[in-house]
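This is data29.txt. It holds compact mmCIF, C-alpha atoms and all ligand atoms.
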# COMPACT_ATOMS: atom_id res chain seq x y z
CA MET N 1 -20.02 -1.48 13.43
CA ILE N 2 -20.02 -4.90 11.81
CA ILE N 3 -22.92 -7.30 11.42
CA ILE N 4 -21.91 -10.93 11.10
CA LEU N 5 -24.60 -12.83 9.23
CA LYS N 6 -25.52 -16.46 9.68
CA LYS N 7 -24.49 -18.83 6.89
CA ASP N 8 -26.66 -18.54 3.75
CA PRO N 9 -28.96 -15.74 4.94
CA GLU N 10 -32.42 -15.58 3.38
CA GLN N 11 -32.16 -13.06 0.53
CA LYS N 12 -35.43 -11.23 1.23
CA GLN N 13 -34.50 -10.67 4.88
CA LEU N 14 -31.03 -9.52 3.85
CA ASP N 15 -32.48 -7.03 1.35
CA ASN N 16 -34.83 -5.71 4.04
CA LEU N 17 -31.97 -5.32 6.51
CA LYS N 18 -29.84 -3.47 3.98
CA ALA N 19 -32.68 -1.15 3.02
CA TRP N 20 -33.27 -0.37 6.69
CA LEU N 21 -29.57 0.41 7.25
CA THR N 22 -29.18 2.60 4.17
CA GLY N 23 -32.35 4.40 5.28
CA GLN N 24 -30.36 5.41 8.36
CA LYS N 25 -27.73 7.03 6.12
CA LEU N 26 -25.20 4.25 6.66
CA THR N 27 -22.93 2.95 3.94
CA ILE N 28 -22.71 -0.85 3.78
CA HIS N 29 -19.60 -2.78 2.82
CA GLU N 30 -20.44 -6.39 2.20
CA SER N 31 -17.65 -8.92 2.49
CA ARG N 32 -18.40 -12.57 1.73
CA GLY N 33 -16.01 -14.98 3.40
CA ASP N 34 -15.93 -18.78 3.30
CA SER N 35 -18.07 -19.25 6.38
CA HIS N 36 -19.62 -15.85 7.01
CA THR N 37 -20.83 -12.73 5.30
CA ILE N 38 -19.97 -9.51 7.06
CA LEU N 39 -21.76 -6.20 6.64
CA GLY N 40 -19.46 -3.35 7.60
CA LEU N 41 -21.29 -0.12 8.41
CA VAL N 42 -19.72 3.28 7.89
CA GLY N 43 -21.42 6.39 9.21
CA ASP N 44 -22.96 7.43 12.49
CA THR N 45 -23.95 4.13 14.09
CA SER N 46 -24.51 5.63 17.54
CA THR N 47 -28.28 5.47 17.19
CA VAL N 48 -28.41 1.94 15.77
CA ASP N 49 -30.10 -0.45 18.19
CA ILE N 50 -27.65 -3.35 18.56
CA ASP N 51 -30.13 -5.55 20.46
CA LEU N 52 -32.68 -5.15 17.71
CA LEU N 53 -30.11 -6.20 15.10
CA ARG N 54 -28.98 -9.17 17.19
CA ALA N 55 -32.56 -10.40 17.43
CA LEU N 56 -32.89 -10.75 13.65
CA ASP N 57 -33.06 -14.31 12.28
CA ILE N 58 -30.24 -13.85 9.80
CA VAL N 59 -27.84 -12.14 12.23
CA GLU N 60 -25.20 -14.12 14.11
CA ASP N 61 -23.53 -11.25 15.95
CA VAL N 62 -23.04 -7.49 15.96
CA LYS N 63 -19.85 -5.75 17.06
CA ARG N 64 -18.84 -2.13 17.37
CA VAL N 65 -15.58 -1.29 15.60
CA GLN N 66 -13.66 1.01 17.92
CA GLU N 67 -10.90 1.89 15.46
CA PRO N 68 -11.46 5.03 13.36
CA TYR N 69 -10.38 3.20 10.20
CA LYS N 70 -13.29 1.17 8.88
CA ASN N 71 -12.78 0.23 5.22
CA ALA N 72 -9.12 -0.55 5.88
CA ASN N 73 -9.95 -2.57 8.98
CA ARG N 74 -9.40 -6.33 9.02
CA LYS N 75 -12.67 -6.61 10.95
CA PHE N 76 -14.54 -5.26 7.92
CA HIS N 77 -12.87 -7.59 5.47
CA GLU N 78 -11.33 -10.75 6.81
CA ALA N 79 -9.65 -11.99 3.63
CA ASP N 80 -6.44 -10.38 2.40
CA THR N 81 -6.95 -7.83 -0.34
CA VAL N 82 -5.30 -8.68 -3.63
CA ILE N 83 -4.74 -5.85 -6.10
CA PRO N 84 -4.38 -6.71 -9.80
CA VAL N 85 -1.65 -4.68 -11.52
CA GLY N 86 -1.13 -5.33 -15.25
CA SER N 87 -0.45 -9.03 -15.61
CA THR N 88 0.65 -9.33 -11.97
CA GLN N 89 -0.85 -8.48 -8.58
CA ILE N 90 0.08 -7.11 -5.17
CA GLY N 91 -0.92 -9.29 -2.24
CA GLY N 92 -2.09 -12.89 -2.09
CA ASP N 93 0.31 -15.60 -3.18
CA VAL N 94 2.49 -13.35 -5.30
CA PHE N 95 5.63 -11.70 -3.90
CA THR N 96 6.01 -8.26 -5.46
CA LEU N 97 9.52 -7.05 -6.15
CA ILE N 98 9.54 -3.39 -7.16
CA ALA N 99 12.92 -2.06 -8.27
CA GLY N 100 14.38 0.88 -10.14
CA PRO N 101 16.14 4.17 -9.64
CA CYS N 102 15.21 6.82 -7.11
CA SER N 103 14.93 9.33 -9.98
CA ILE N 104 14.46 8.89 -13.69
CA GLU N 105 17.51 10.67 -15.12
CA SER N 106 17.59 9.87 -18.85
CA GLU N 107 16.09 7.46 -21.37
CA GLU N 108 19.29 5.44 -21.42
CA GLN N 109 19.43 5.20 -17.61
CA ILE N 110 15.81 4.18 -16.98
CA CYS N 111 15.74 1.69 -19.86
CA LEU N 112 19.05 0.11 -18.83
CA VAL N 113 18.00 -0.23 -15.18
CA ALA N 114 14.52 -1.47 -16.16
CA ALA N 115 15.94 -4.25 -18.33
CA ALA N 116 18.48 -5.21 -15.64
CA VAL N 117 15.98 -5.40 -12.77
CA LYS N 118 13.60 -7.38 -14.94
CA ARG N 119 16.33 -9.91 -15.68
CA ALA N 120 17.03 -10.10 -11.94
CA GLY N 121 13.41 -10.95 -11.12
CA ALA N 122 11.69 -7.59 -10.45
CA THR N 123 7.96 -7.73 -11.13
CA MET N 124 7.46 -3.97 -11.24
CA LEU N 125 9.57 -0.93 -12.12
CA ARG N 126 9.90 2.15 -9.95
CA GLY N 127 11.33 5.55 -10.88
CA GLY N 128 10.62 9.05 -9.60
CA ALA N 129 9.72 11.88 -11.95
CA PHE N 130 8.40 14.30 -9.32
CA LYS N 131 10.89 14.26 -6.47
CA PRO N 132 10.16 15.56 -2.96
CA ARG N 133 13.65 16.80 -2.03
CA THR N 134 14.59 18.30 1.32
CA SER N 135 16.57 21.02 -0.45
CA PRO N 136 15.03 23.20 -3.16
CA TYR N 137 18.50 23.30 -4.76
CA ALA N 138 18.66 19.51 -5.16
CA PHE N 139 17.55 17.73 -8.36
CA GLN N 140 13.76 18.00 -8.50
CA GLY N 141 13.12 15.28 -11.07
CA LEU N 142 12.41 15.37 -14.82
CA ARG N 143 8.70 15.80 -14.07
CA GLY N 144 6.42 15.26 -17.11
CA HIS N 145 9.35 14.31 -19.32
CA GLY N 146 10.43 11.79 -16.70
CA LEU N 147 7.03 10.12 -16.91
CA GLU N 148 7.40 9.87 -20.70
CA LEU N 149 10.75 8.13 -20.25
CA LEU N 150 9.23 5.80 -17.66
CA MET N 151 6.59 4.83 -20.22
CA GLU N 152 9.38 4.03 -22.69
CA ALA N 153 10.89 1.66 -20.13
CA LYS N 154 7.47 0.14 -19.47
CA LYS N 155 7.01 -0.49 -23.20
CA LEU N 156 10.48 -1.95 -23.49
CA THR N 157 10.21 -4.36 -20.57
CA GLY N 158 6.46 -4.89 -20.09
CA LEU N 159 6.92 -4.16 -16.39
CA PRO N 160 4.11 -2.24 -14.68
CA VAL N 161 5.36 1.05 -13.21
CA VAL N 162 5.15 2.76 -9.83
CA THR N 163 5.87 6.46 -9.54
CA GLU N 164 5.20 9.24 -7.07
CA ILE N 165 2.64 12.00 -7.36
CA MET N 166 3.34 15.13 -5.33
CA ASP N 167 0.37 17.30 -6.15
CA LEU N 168 -3.20 17.07 -7.43
CA SER N 169 -2.27 19.17 -10.48
CA GLN N 170 -0.07 16.30 -11.77
CA LEU N 171 -2.82 13.68 -11.85
CA ASP N 172 -3.66 14.06 -15.58
CA LEU N 173 -0.10 12.97 -16.39
CA PHE N 174 -0.57 9.67 -14.52
CA THR N 175 -3.07 7.95 -16.84
CA GLU N 176 -0.56 5.31 -18.01
CA VAL N 177 0.98 4.82 -14.55
CA ASP N 178 0.04 1.46 -13.01
CA VAL N 179 0.53 2.30 -9.32
CA ILE N 180 0.53 5.85 -7.98
CA GLN N 181 2.87 6.35 -5.05
CA VAL N 182 2.09 8.81 -2.28
CA GLY N 183 5.42 9.54 -0.62
CA ALA N 184 6.16 9.72 3.08
CA ARG N 185 6.03 13.51 3.04
CA ASN N 186 2.59 13.52 1.45
CA MET N 187 1.04 10.76 3.55
CA GLN N 188 -1.27 13.26 5.17
CA ASN N 189 -2.00 15.39 2.11
CA PHE N 190 -5.69 14.70 2.57
CA GLU N 191 -6.90 16.57 -0.53
CA LEU N 192 -4.53 14.47 -2.66
CA LEU N 193 -5.70 11.26 -0.98
CA LYS N 194 -9.35 12.20 -1.55
CA GLU N 195 -8.71 12.79 -5.26
CA LEU N 196 -6.86 9.47 -5.57
CA GLY N 197 -9.90 7.88 -3.96
CA ARG N 198 -11.90 8.98 -6.99
CA THR N 199 -9.55 7.19 -9.41
CA GLY N 200 -9.66 3.40 -9.59
CA LYS N 201 -5.86 3.20 -9.73
CA PRO N 202 -3.80 1.30 -7.17
CA VAL N 203 -2.29 3.72 -4.66
CA LEU N 204 0.86 2.88 -2.70
CA ILE N 205 1.02 4.96 0.47
CA LYS N 206 4.33 5.29 2.28
CA ARG N 207 4.34 5.75 6.01
CA GLY N 208 5.24 9.28 7.06
CA LEU N 209 8.52 9.97 8.82
CA ALA N 210 6.81 10.42 12.17
CA ASN N 211 3.45 8.76 11.71
CA THR N 212 1.83 5.96 13.63
CA LEU N 213 0.38 2.89 11.98
CA GLN N 214 -3.09 4.11 12.83
CA GLU N 215 -2.37 7.37 11.01
CA LEU N 216 -1.12 5.38 8.01
CA LEU N 217 -4.36 3.42 8.02
CA MET N 218 -6.37 6.64 8.28
CA SER N 219 -4.59 7.84 5.13
CA ALA N 220 -5.57 4.58 3.42
CA GLU N 221 -9.09 5.21 4.71
CA TYR N 222 -9.20 8.56 2.88
CA VAL N 223 -8.54 6.80 -0.45
CA MET N 224 -10.94 3.96 0.34
CA ALA N 225 -13.73 6.23 1.54
CA GLY N 226 -13.72 7.74 -1.96
CA GLY N 227 -14.45 4.33 -3.43
CA ASN N 228 -10.95 3.16 -4.30
CA GLY N 229 -10.08 0.01 -2.37
CA ASN N 230 -6.79 -0.58 -4.20
CA VAL N 231 -4.40 0.60 -1.52
CA VAL N 232 -0.95 -0.77 -0.69
CA LEU N 233 0.76 0.15 2.59
CA CYS N 234 4.52 0.74 2.65
CA GLU N 235 6.82 0.78 5.67
CA ARG N 236 9.90 2.83 4.73
CA GLY N 237 11.48 3.58 8.09
CA ILE N 238 10.61 6.21 10.63
CA ARG N 239 12.58 8.91 12.37
CA THR N 240 13.93 8.01 15.81
CA PHE N 241 16.81 9.24 17.99
CA GLU N 242 19.14 6.88 16.09
CA THR N 243 21.23 8.62 13.44
CA ALA N 244 23.53 5.78 12.31
CA ALA N 245 21.07 4.90 9.57
CA ARG N 246 18.89 7.35 7.60
CA ASN N 247 15.76 6.04 9.34
CA THR N 248 14.82 3.20 11.66
CA LEU N 249 13.09 0.32 9.91
CA ASP N 250 10.07 -0.58 12.00
CA LEU N 251 9.61 -4.20 11.01
CA SER N 252 7.04 -4.90 13.69
CA ALA N 253 4.82 -2.76 11.47
CA VAL N 254 4.44 -5.80 9.20
CA PRO N 255 2.64 -8.21 11.59
CA LEU N 256 0.83 -5.27 13.20
CA LEU N 257 -0.50 -3.93 9.89
CA LYS N 258 -1.43 -7.47 8.82
CA LYS N 259 -3.51 -7.81 11.97
CA MET N 260 -5.03 -4.33 11.79
CA SER N 261 -5.79 -4.35 8.08
CA HIS N 262 -6.49 -6.59 5.09
CA LEU N 263 -4.44 -4.38 2.75
CA PRO N 264 -1.16 -5.62 1.25
CA VAL N 265 2.00 -4.45 3.02
CA ILE N 266 5.38 -3.85 1.42
CA VAL N 267 8.72 -2.70 2.85
CA ASP N 268 11.23 -0.27 1.35
CA PRO N 269 14.64 -1.16 2.85
CA SER N 270 16.39 1.51 0.73
CA HIS N 271 14.79 4.61 2.26
CA ALA N 272 14.58 2.84 5.61
CA THR N 273 18.36 2.59 5.88
CA GLY N 274 19.89 5.05 3.40
CA ILE N 275 22.91 2.74 3.12
CA ALA N 276 23.33 0.29 0.24
CA ALA N 277 25.13 -2.29 2.39
CA LEU N 278 22.13 -2.50 4.74
CA VAL N 279 19.61 -3.17 1.99
CA LYS N 280 20.26 -6.91 1.69
CA PRO N 281 19.97 -7.76 5.42
CA MET N 282 16.88 -5.60 5.81
CA ALA N 283 15.30 -6.93 2.61
CA LEU N 284 15.78 -10.48 3.91
CA ALA N 285 14.44 -9.59 7.34
CA ALA N 286 11.40 -7.90 5.81
CA ALA N 287 10.75 -10.85 3.51
CA ALA N 288 11.05 -13.22 6.49
CA SER N 289 8.45 -11.19 8.36
CA GLY N 290 5.91 -12.16 5.72
CA VAL N 291 5.62 -8.92 3.80
CA ASP N 292 3.82 -8.92 0.43
CA GLY N 293 6.68 -7.27 -1.39
CA LEU N 294 9.73 -5.04 -1.39
CA MET N 295 10.63 -1.77 -3.05
CA ILE N 296 14.36 -1.40 -3.72
CA GLU N 297 16.34 1.42 -5.34
CA VAL N 298 18.70 0.34 -8.13
CA HIS N 299 20.99 2.56 -10.19
CA ASN N 300 23.39 1.70 -13.01
CA ASP N 301 25.99 4.09 -11.53
CA PRO N 302 25.11 4.80 -7.88
CA THR N 303 28.05 7.12 -7.21
CA HIS N 304 26.79 9.51 -9.90
CA ALA N 305 23.07 9.16 -9.15
CA LEU N 306 21.19 12.47 -9.02
CA SER N 307 19.39 11.35 -5.85
CA ASP N 308 19.80 8.67 -3.18
CA GLY N 309 22.99 7.18 -4.64
CA ALA N 310 24.24 6.07 -1.21
CA GLN N 311 21.34 3.69 -0.76
CA SER N 312 21.09 2.53 -4.38
CA LEU N 313 22.20 -0.95 -5.40
CA THR N 314 23.99 -1.71 -8.63
CA PRO N 315 22.06 -4.09 -10.91
CA GLU N 316 24.52 -6.86 -9.88
CA ALA N 317 23.94 -6.24 -6.16
CA PHE N 318 20.18 -6.18 -6.77
CA SER N 319 20.40 -9.49 -8.59
CA ASP N 320 22.14 -10.97 -5.53
CA VAL N 321 19.47 -9.55 -3.15
CA SER N 322 16.66 -10.77 -5.39
CA ALA N 323 18.07 -14.32 -5.50
CA ALA N 324 18.61 -14.37 -1.72
CA VAL N 325 15.04 -13.14 -1.07
CA MET N 326 13.53 -15.71 -3.46
CA ALA N 327 15.51 -18.51 -1.79
CA MET N 328 14.27 -17.39 1.63
CA LEU N 329 10.58 -16.95 0.75
CA PRO N 330 9.53 -20.58 1.40
CA TYR N 331 10.62 -20.07 5.04
CA ALA N 332 8.93 -16.68 5.52
CA CYS N 333 6.09 -16.14 8.01
CA ARG N 334 2.62 -16.74 6.64
CA TYR N 335 -0.55 -15.11 7.85
CA HIS N 336 -4.09 -16.30 8.07
CA GLY N 337 -6.76 -13.76 8.93
CA GLY N 338 -3.98 -11.38 9.97
CA LYS N 339 -2.29 -13.74 12.42
CA VAL N 340 1.01 -15.52 11.94
CA VAL N 341 0.41 -19.23 11.36
C1 LIG W 1 11.00 7.55 -3.02
O1 LIG W 1 10.41 6.47 -3.04
O2 LIG W 1 11.82 7.91 -3.88
C2 LIG W 1 10.77 8.44 -1.88
C3 LIG W 1 10.97 9.75 -1.96
O3 LIG W 1 10.38 7.78 -0.79
P1 LIG W 1 9.85 8.30 0.64
O4 LIG W 1 8.59 9.06 0.36
O5 LIG W 1 9.63 7.04 1.39
O6 LIG W 1 10.94 9.16 1.22
MN MN W 2 14.75 7.76 -3.18
Translate this file's structure into structure tokens.
Amino acid sequence: MIIILKKDPEQKQLDNLKAWLTGQKLTIHESRGDSHTILGLVGDTSTVDIDLLRALDIVEDVKRVQEPYKNANRKFHEADTVIPVGSTQIGGDVFTLIAGPCSIESEEQICLVAAAVKRAGATMLRGGAFKPRTSPYAFQGLRGHGLELLMEAKKLTGLPVVTEIMDLSQLDLFTEVDVIQVGARNMQNFELLKELGRTGKPVLIKRGLANTLQELLMSAEYVMAGGNGNVVLCERGIRTFETAARNTLDLSAVPLLKKMSHLPVIVDPSHATGIAALVKPMALAAAASGVDGLMIEVHNDPTHALSDGAQSLTPEAFSDVSAAVMAMLPYACRYHGGKVV
């Protein structure tokens, strides 16, 4: 349920209203916009008397929120969420370009790629240390050592880093990580999401291979319900009957998520396609759709990469994609209150 307050509500009446609501075991999320303040209520609102609320002097309107996601809902928070990350941010006026290898393979590799993607305009560095591989015989990542190497690359370049957590037990190793990624396969690992909700760290959640947008938002809700509002949504392709590409990039997810939620949305054209030659067209299409950023896999030697070489760009190819995206951005869709303007 949301309560839309009249402009400049009288403070005493507002305090009384809030005390009355919390007395009914409801959690209040206050969002102050330019013209209105909204009180979003989480909890069992079935017994709340809407007519009584509507009759209050300071109340403009009361609406029930049908969707099961509350904190992540655009109705709870009209303005776009902007998440500060190091000296940059995700969301708002900044376009986030996250690039780096699928897996961290060696100090030389991660540092070389980090420096190259920075030169090409990346604002954040990615690199997997804990790798969720389909085969148990495939390279599983350098794990804790991989994170140490990622920190070397962070120190070298100053780029904030994004890396995937696979299990709760790894969390202590993530203290220096700027953005914790929850991969597609872990999107509904609810215990992990709950624990990440207790950290203040930005969490990037990738859409599961066969999950709806509502399910993605419910995963965001798990993190937010724990008190961590710093959630980024990532469309990375879903599984369909089409096998020509690794996945099917669902680009309509971008305007839909923008309408449904206030959280920043990024697209990963690398995992969405699995084919390096498709990354540029899909990166441009995603950028044109008005996404807040891209995540792109880059490797210094894709043919010898220990994971996802087929979809990885060389630093030169990434530089070309980055320049093309930057040139296109002034023409990209813009959103206001979740709608294309
Ligand atoms: C990754 O980013 O390396 C990854 C494994 O992605 P996804 O979870 O989208 O498959
Ligand atoms: Mn990968």
Work out how far apart atom CA of Leu251 of chain N and atom CA of Arg133 of chain N are and give it in Å to one decimal. 25.0 Å
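Interatomic distance, atom CA of Lys70 of chain N against atom CA of Ile83 of chain N: 18.6 Å.
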With only C-alpha atoms and all ligand atoms counted and 10 Å as the cut-off, give the residues of chain N in contact with ligand LIG 1 (chain W), each with its shortest interatomic distance in Å and the pair that gives it, as a tab-separated table.
residue	atom	partner	partner_atom	distance
N:Gly100	CA	W:LIG1	O2	9.8
N:Pro101	CA	W:LIG1	O2	8.1
N:Cys102	CA	W:LIG1	O2	4.8
N:Ser103	CA	W:LIG1	O2	7.0
N:Arg126	CA	W:LIG1	O1	8.2
N:Gly127	CA	W:LIG1	O2	7.4
N:Gly128	CA	W:LIG1	O2	6.0
N:Ala129	CA	W:LIG1	O2	9.2
N:Phe130	CA	W:LIG1	C3	9.0
N:Lys131	CA	W:LIG1	C3	6.4
N:Pro132	CA	W:LIG1	C3	6.0
N:Arg133	CA	W:LIG1	C3	7.5
N:Thr134	CA	W:LIG1	O6	9.8
N:Val162	CA	W:LIG1	O1	9.4
N:Thr163	CA	W:LIG1	O1	7.9
N:Glu164	CA	W:LIG1	O1	7.1
N:Met166	CA	W:LIG1	O4	9.8
N:Gln181	CA	W:LIG1	O1	7.8
N:Val182	CA	W:LIG1	O4	7.0
N:Gly183	CA	W:LIG1	O4	3.4
N:Ala184	CA	W:LIG1	O4	3.7
N:Arg185	CA	W:LIG1	O4	5.8
N:Asn186	CA	W:LIG1	O4	7.6
N:Met187	CA	W:LIG1	O4	8.4
N:Ile205	CA	W:LIG1	O4	8.6
N:Lys206	CA	W:LIG1	O5	5.7
N:Arg207	CA	W:LIG1	O5	7.1
N:Gly208	CA	W:LIG1	O4	7.5
N:Leu209	CA	W:LIG1	O6	8.0
N:Cys234	CA	W:LIG1	O5	8.2
N:Glu235	CA	W:LIG1	O5	8.1
N:Arg236	CA	W:LIG1	O5	5.4
N:Gly237	CA	W:LIG1	O5	7.8
N:Ile238	CA	W:LIG1	O5	9.3
N:Asn247	CA	W:LIG1	O6	9.9
N:Val267	CA	W:LIG1	O5	9.9
N:Asp268	CA	W:LIG1	O5	7.5
N:Pro269	CA	W:LIG1	O5	9.7
N:Ser270	CA	W:LIG1	O1	8.6
N:His271	CA	W:LIG1	O5	5.8
N:Ala272	CA	W:LIG1	O5	7.7
N:Met295	CA	W:LIG1	O1	8.2
N:Ile296	CA	W:LIG1	O1	8.8
N:Glu297	CA	W:LIG1	O2	8.0
N:Ser307	CA	W:LIG1	O2	8.5
N:Asp308	CA	W:LIG1	O2	8.0
Emit the selected residues as a CSV table (one decimal), keeping the file's coordinate frame, including C-alpha atoms.
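After the write, again.csv holds the following:
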chain,number,residue,atom,x,y,z
N,100,GLY,CA,14.4,0.9,-10.1
N,101,PRO,CA,16.1,4.2,-9.6
N,102,CYS,CA,15.2,6.8,-7.1
N,103,SER,CA,14.9,9.3,-10.0
N,126,ARG,CA,9.9,2.2,-10.0
N,127,GLY,CA,11.3,5.6,-10.9
N,128,GLY,CA,10.6,9.0,-9.6
N,129,ALA,CA,9.7,11.9,-12.0
N,130,PHE,CA,8.4,14.3,-9.3
N,131,LYS,CA,10.9,14.3,-6.5
N,132,PRO,CA,10.2,15.6,-3.0
N,133,ARG,CA,13.6,16.8,-2.0
N,134,THR,CA,14.6,18.3,1.3
N,162,VAL,CA,5.2,2.8,-9.8
N,163,THR,CA,5.9,6.5,-9.5
N,164,GLU,CA,5.2,9.2,-7.1
N,166,MET,CA,3.3,15.1,-5.3
N,181,GLN,CA,2.9,6.4,-5.0
N,182,VAL,CA,2.1,8.8,-2.3
N,183,GLY,CA,5.4,9.5,-0.6
N,184,ALA,CA,6.2,9.7,3.1
N,185,ARG,CA,6.0,13.5,3.0
N,186,ASN,CA,2.6,13.5,1.4
N,187,MET,CA,1.0,10.8,3.6
N,205,ILE,CA,1.0,5.0,0.5
N,206,LYS,CA,4.3,5.3,2.3
N,207,ARG,CA,4.3,5.8,6.0
N,208,GLY,CA,5.2,9.3,7.1
N,209,LEU,CA,8.5,10.0,8.8
N,234,CYS,CA,4.5,0.7,2.6
N,235,GLU,CA,6.8,0.8,5.7
N,236,ARG,CA,9.9,2.8,4.7
N,237,GLY,CA,11.5,3.6,8.1
N,238,ILE,CA,10.6,6.2,10.6
N,247,ASN,CA,15.8,6.0,9.3
N,267,VAL,CA,8.7,-2.7,2.8
N,268,ASP,CA,11.2,-0.3,1.4
N,269,PRO,CA,14.6,-1.2,2.8
N,270,SER,CA,16.4,1.5,0.7
N,271,HIS,CA,14.8,4.6,2.3
N,272,ALA,CA,14.6,2.8,5.6
N,295,MET,CA,10.6,-1.8,-3.0
N,296,ILE,CA,14.4,-1.4,-3.7
N,297,GLU,CA,16.3,1.4,-5.3
N,307,SER,CA,19.4,11.4,-5.8
N,308,ASP,CA,19.8,8.7,-3.2
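Going from atom CA of Asn300 of chain N over to atom CA of Gln109 of chain N, you cover 7.0 Å.
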Do a neighbour search on Ala323 of chain N at 12 Å with all atoms listed in the file, toss out local chain neighbours closer than 5 positions, and write the hits as JSON, numbers by chain. {"N": [97, 117, 119, 120, 121, 122, 280, 283, 284, 316, 317, 318, 328, 329]}
Kindly export the residues of the current selection with C-alpha atoms, as a compact mmCIF listing (two decimals), in the coordinates of the input.
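Output file selection_31.txt is given in full below:
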# COMPACT_ATOMS: atom_id res chain seq x y z
CA LEU N 97 9.52 -7.05 -6.15
CA VAL N 117 15.98 -5.40 -12.77
CA ARG N 119 16.33 -9.91 -15.68
CA ALA N 120 17.03 -10.10 -11.94
CA GLY N 121 13.41 -10.95 -11.12
CA ALA N 122 11.69 -7.59 -10.45
CA LYS N 280 20.26 -6.91 1.69
CA ALA N 283 15.30 -6.93 2.61
CA LEU N 284 15.78 -10.48 3.91
CA GLU N 316 24.52 -6.86 -9.88
CA ALA N 317 23.94 -6.24 -6.16
CA PHE N 318 20.18 -6.18 -6.77
CA MET N 328 14.27 -17.39 1.63
CA LEU N 329 10.58 -16.95 0.75
Set the distance at 10 Å and use all atoms listed in the file: which residues neighbour Ile180 of chain N once local chain neighbours fewer than 6 positions away are removed? I'd like the list as a PyMOL selection string. chain N and resi 161-165+171+174+196+201-205+231-232
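Of the residues under consideration (N:Arg246, N:Leu52, N:Ala277, N:Val223), N:Arg246 shows the shortest atom-to-atom contact distance to ligand MN 2 (chain W) when counting all atoms listed in the file.
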Determine, counting all atoms listed in the file, which protein, DNA and RNA residues have an atom within 10 Å of an atom of Glu107 of chain N; residues of the same chain fewer than 2 positions away are not included. Present the result as a PyMOL selection string. chain N and resi 104-105+109-112+145-146+148-153
Rank nothing, just name the residue among N:Ala244, N:Leu213, N:Leu125, N:Leu14 nearest to Leu257 of chain N, using only C-alpha atoms.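 Closest to Leu257 of chain N of all the choices is N:Leu213.
Around Thr123 of chain N, within 8 Å and counting all atoms listed in the file, the residues found are Thr88, Thr96, Leu97, Ile98, Lys118, Leu159 and Pro160 of chain N, once anything fewer than 5 positions away on its own chain is removed.
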Just the residues within 6 Å of Ala276 of chain N, please, counting all atoms listed in the file, with nothing from its chain fewer than 4 positions along; format it as a PDB file with C-alpha atoms, keeping the file's coordinate frame.
ATOM      1  CA  GLN N 311      21.340   3.690  -0.760  1.00  0.00           C
ATOM      2  CA  SER N 312      21.090   2.530  -4.380  1.00  0.00           C
ATOM      3  CA  LEU N 313      22.200  -0.950  -5.400  1.00  0.00           C
TER       4      LEU N 313
END
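Checking N:Ile90, N:Met218, N:Ala327, N:Ala114 one by one against Val265 of chain N, counting only C-alpha atoms, you find the shortest gap at N:Ile90.
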Distance cut-off 12 Å, centre (-29.0, -10.7, 20.1) in file coordinates, counting only C-alpha atoms: which residues qualify? Return them as a list in words.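 So the residues meeting the distance criterion are Ile3, Ile4, Leu5, Asp49, Ile50, Asp51, Leu52, Leu53, Arg54, Ala55, Leu56, Asp57, Ile58, Val59, Glu60, Asp61, Val62 and Lys63 of chain N.
Closest approach to Gln214 of chain N from the set N:Ala138, N:Ala72, N:Ala324, N:Val94 is made by N:Ala72, with distances taken over all atoms listed in the file.
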Counting all atoms listed in the file, which residues sit no farther than 10 Å from the position (-9.2, 2.6, -11.1) in the file's frame? I'd like them as an mmCIF file with C-alpha atoms, keeping the file's coordinate frame.
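Below you can see out31.cif, which holds the result:
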data_model
loop_
_atom_site.group_PDB
_atom_site.id
_atom_site.type_symbol
_atom_site.label_atom_id
_atom_site.label_comp_id
_atom_site.auth_asym_id
_atom_site.auth_seq_id
_atom_site.Cartn_x
_atom_site.Cartn_y
_atom_site.Cartn_z
ATOM 1 C CA THR N 175 -3.070 7.950 -16.840
ATOM 2 C CA ASP N 178 0.040 1.460 -13.010
ATOM 3 C CA VAL N 179 0.530 2.300 -9.320
ATOM 4 C CA LEU N 196 -6.860 9.470 -5.570
ATOM 5 C CA GLY N 197 -9.900 7.880 -3.960
ATOM 6 C CA ARG N 198 -11.900 8.980 -6.990
ATOM 7 C CA THR N 199 -9.550 7.190 -9.410
ATOM 8 C CA GLY N 200 -9.660 3.400 -9.590
ATOM 9 C CA LYS N 201 -5.860 3.200 -9.730
ATOM 10 C CA PRO N 202 -3.800 1.300 -7.170
ATOM 11 C CA VAL N 203 -2.290 3.720 -4.660
ATOM 12 C CA GLY N 227 -14.450 4.330 -3.430
ATOM 13 C CA ASN N 228 -10.950 3.160 -4.300
ATOM 14 C CA GLY N 229 -10.080 0.010 -2.370
ATOM 15 C CA ASN N 230 -6.790 -0.580 -4.200
#
Selected residue, from N:Gly40, N:Gly23, N:Pro84, N:Gly144, that lies nearest to Asn71 of chain N when counting all atoms listed in the file: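 Counting all atoms listed in the file, the residue closest to Asn71 of chain N is N:Gly40.
Using all atoms listed in the file, the nearest neighbour of ligand MN 2 (chain W) within the list N:Arg334, N:His304, N:His299, N:Arg32 is N:His299.
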